[in-house]
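K.L.:
Take this structure first; my questions come after.
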Amino acid sequence: MFKKIFDEENNIINFLIFSLIFIILISYVQGYQCKYIKPLICKAPIINSLFSENGFIENIQSILLFLSLIILFTILKHLKDETYLKVFILLKIIALTYYLGEEISWGQHFFKWGTPEIFNELNNQNETNLHNISNLLDQLPRSLVILWCGFVPFIFYLVRKKMITFRNELNLIFLPSLKLLVVSSILLLFFLPDFIVDKMNLHPGHYMDGEDIIEAKFYDILTFNFVERLSEIQELIFCFYFLTYSILFKKSLIKIK
């Protein structure tokens, strides 16, 4: 029975990774064509809605987060004496609930209620959420998520490889399966080039004296900034990571029990 469960979960993980790569490839092609080639197809509503507010990409993110929460709740129900794991899973549930709530503006995207006056005054998109109020409420959580999803798995893997043996609980928390490194790699691929070019101020800009700067295209391609709303791609990878992590955590927990 357990072998059947593991085989099914492996198929789900493979499907998630394939789906993520497929969506990214479509976004890559769409972004390149719409920015540099500009065919008429890019004006089609279905293409324009790909990265729009409450569009395909954002809805996929919400679905992935919701599924992650369902799995985490099932894990929490089955944890009995593992105090550290229960606390960790509970904190993760709180964090992902906040993430999902902010992503859908706490239901406003679906129920279409009017934005309360206090949010109208403070929120730069006039929505019922906190992350559009200030850069701190947006960039700090984002930085923590990039650190957790992108860097921590590799750091833990490298430390563990140096013949340091960790308890099962720590392995579950930081790296329940090596397959998680695939999603982390994809995230770092879409984060590090943009981060390095931005922090080192390498991008020459797009125009000088009314003329296009040739080098700009090179840096845009290097950093994937020709993709429409690169931040949405990064957030999509976050959500795929959380669902993949939740499935692998549950699978590894069953295996060690």
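Labels for the structure tokens follow display order: chains A, B, ..., residues from 1 in each chain, ligands from 1.
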Residues of range 30-104 of chain A that approach range 243-246 of chain A to 7 Å or less, counting only C-alpha atoms: could you list each one with the shortest pair of atoms and its distance in Å to one decimal, rows by chain and increasing residue number, as a tab-separated table?
P.N.:
```
residue	atom	partner	partner_atom	distance
A:Leu64	CA	A:Leu243	CA	6.1
A:Leu65	CA	A:Leu243	CA	6.8
A:Leu67	CA	A:Leu243	CA	6.8
A:Ser68	CA	A:Leu243	CA	4.7
A:Ile71	CA	A:Ser246	CA	6.3
A:Leu72	CA	A:Ser246	CA	6.3
```
K.L.:
I'd like the contact shell of Glu117 in chain A - 12 Å cut-off, only C-alpha atoms, skipping same-chain residues fewer than 3 positions apart - returned as a PyMOL selection string.
P.N.:
chain A and resi 114+120-123+126-128
K.L.:
Do you know which residues are at most 8 Å from range 90-100 of chain A counting only C-alpha atoms, after dropping those on the same chain fewer than 4 positions away, and could you put them as a VMD selection string?
P.N.:
chain A and resid 62 65 to 66 69 72 to 73 76 86 104 106
K.L.:
Could you write out that same residue set with C-alpha atoms as a PDB file, in the first residue's frame?
P.N.:
```pdb
ATOM      1  CA  SER A  62      -3.853  30.943  -5.219  1.00  0.00           C
ATOM      2  CA  LEU A  65      -1.286  27.859  -1.928  1.00  0.00           C
ATOM      3  CA  PHE A  66      -4.740  26.547  -1.059  1.00  0.00           C
ATOM      4  CA  LEU A  69      -2.610  24.479   3.208  1.00  0.00           C
ATOM      5  CA  LEU A  72      -0.308  20.938   5.877  1.00  0.00           C
ATOM      6  CA  PHE A  73      -3.529  20.621   7.879  1.00  0.00           C
ATOM      7  CA  LEU A  76      -0.795  18.591  11.541  1.00  0.00           C
ATOM      8  CA  LYS A  86       3.835  20.513  15.154  1.00  0.00           C
ATOM      9  CA  ILE A 104      -6.421  37.361  -3.020  1.00  0.00           C
ATOM     10  CA  TRP A 106      -8.451  38.524   1.718  1.00  0.00           C
TER      11      TRP A 106
END
```
K.L.:
Go through A:Tyr32, A:Gly150, A:Leu192, A:Val183 one by one, measure the shortest atom-to-atom distance of each to Asp220 in chain A using only C-alpha atoms, and give the residue with the smallest value.
P.N.:
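Nearest to Asp220 in chain A: A:Tyr32.
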K.L.:
From a DSSP calculation on the backbone, collect every residue of range 32-211 of chain A in helix (DSSP H, G or I) and output the set as a PyMOL selection string.
P.N.:
chain A and resi 32-37+40-43+45-48+56-78+83-103+105-111+117-122+135-161+168-174+180-199
K.L.:
What is the CA of Phe195 in chain A to CA of Asn225 in chain A distance in Å?
P.N.:
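Distance between the two atoms: 11.2 Å.
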K.L.:
Report as a list in words all protein, DNA and RNA residues lying within 8 Å of Phe191 in chain A, evaluated on only C-alpha atoms, omitting residues in the same chain fewer than 3 positions from it.
P.N.:
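Here the qualifying residues turn out to be Leu187, Leu188, Asp194, Phe195, Thr223 and Gln234 of chain A.
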K.L.:
By how many Å are CA of Val29 in chain A and CA of Phe51 in chain A apart?
P.N.:
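That distance, rounded to one decimal, is 13.5 Å.
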K.L.:
Skipping near chain neighbours, those fewer than 2 positions away, what residues fall within 8 Å of Leu236 in chain A using only C-alpha atoms, listed as a VMD selection string?
P.N.:
chain A and resid 57 to 58 60 to 61 232 to 234 238 to 240
K.L.:
Go ahead and write the residues just picked, C-alpha atoms, as a JSON list (two decimals), in the first residue's frame.
P.N.:
```
[["chain", "number", "residue", "atom", "x", "y", "z"],
["A", 57, "ILE", "CA", -0.79, 33.21, -13.28],
["A", 58, "GLU", "CA", -2.23, 34.79, -10.13],
["A", 60, "ILE", "CA", -2.71, 29.38, -10.33],
["A", 61, "GLN", "CA", -0.74, 30.80, -7.40],
["A", 232, "GLU", "CA", 4.87, 37.16, -10.91],
["A", 233, "ILE", "CA", 7.00, 34.33, -12.31],
["A", 234, "GLN", "CA", 9.06, 34.35, -9.12],
["A", 238, "PHE", "CA", 7.26, 30.19, -4.64],
["A", 239, "CYS", "CA", 3.82, 28.63, -4.78],
["A", 240, "PHE", "CA", 5.00, 25.57, -6.70]]
```
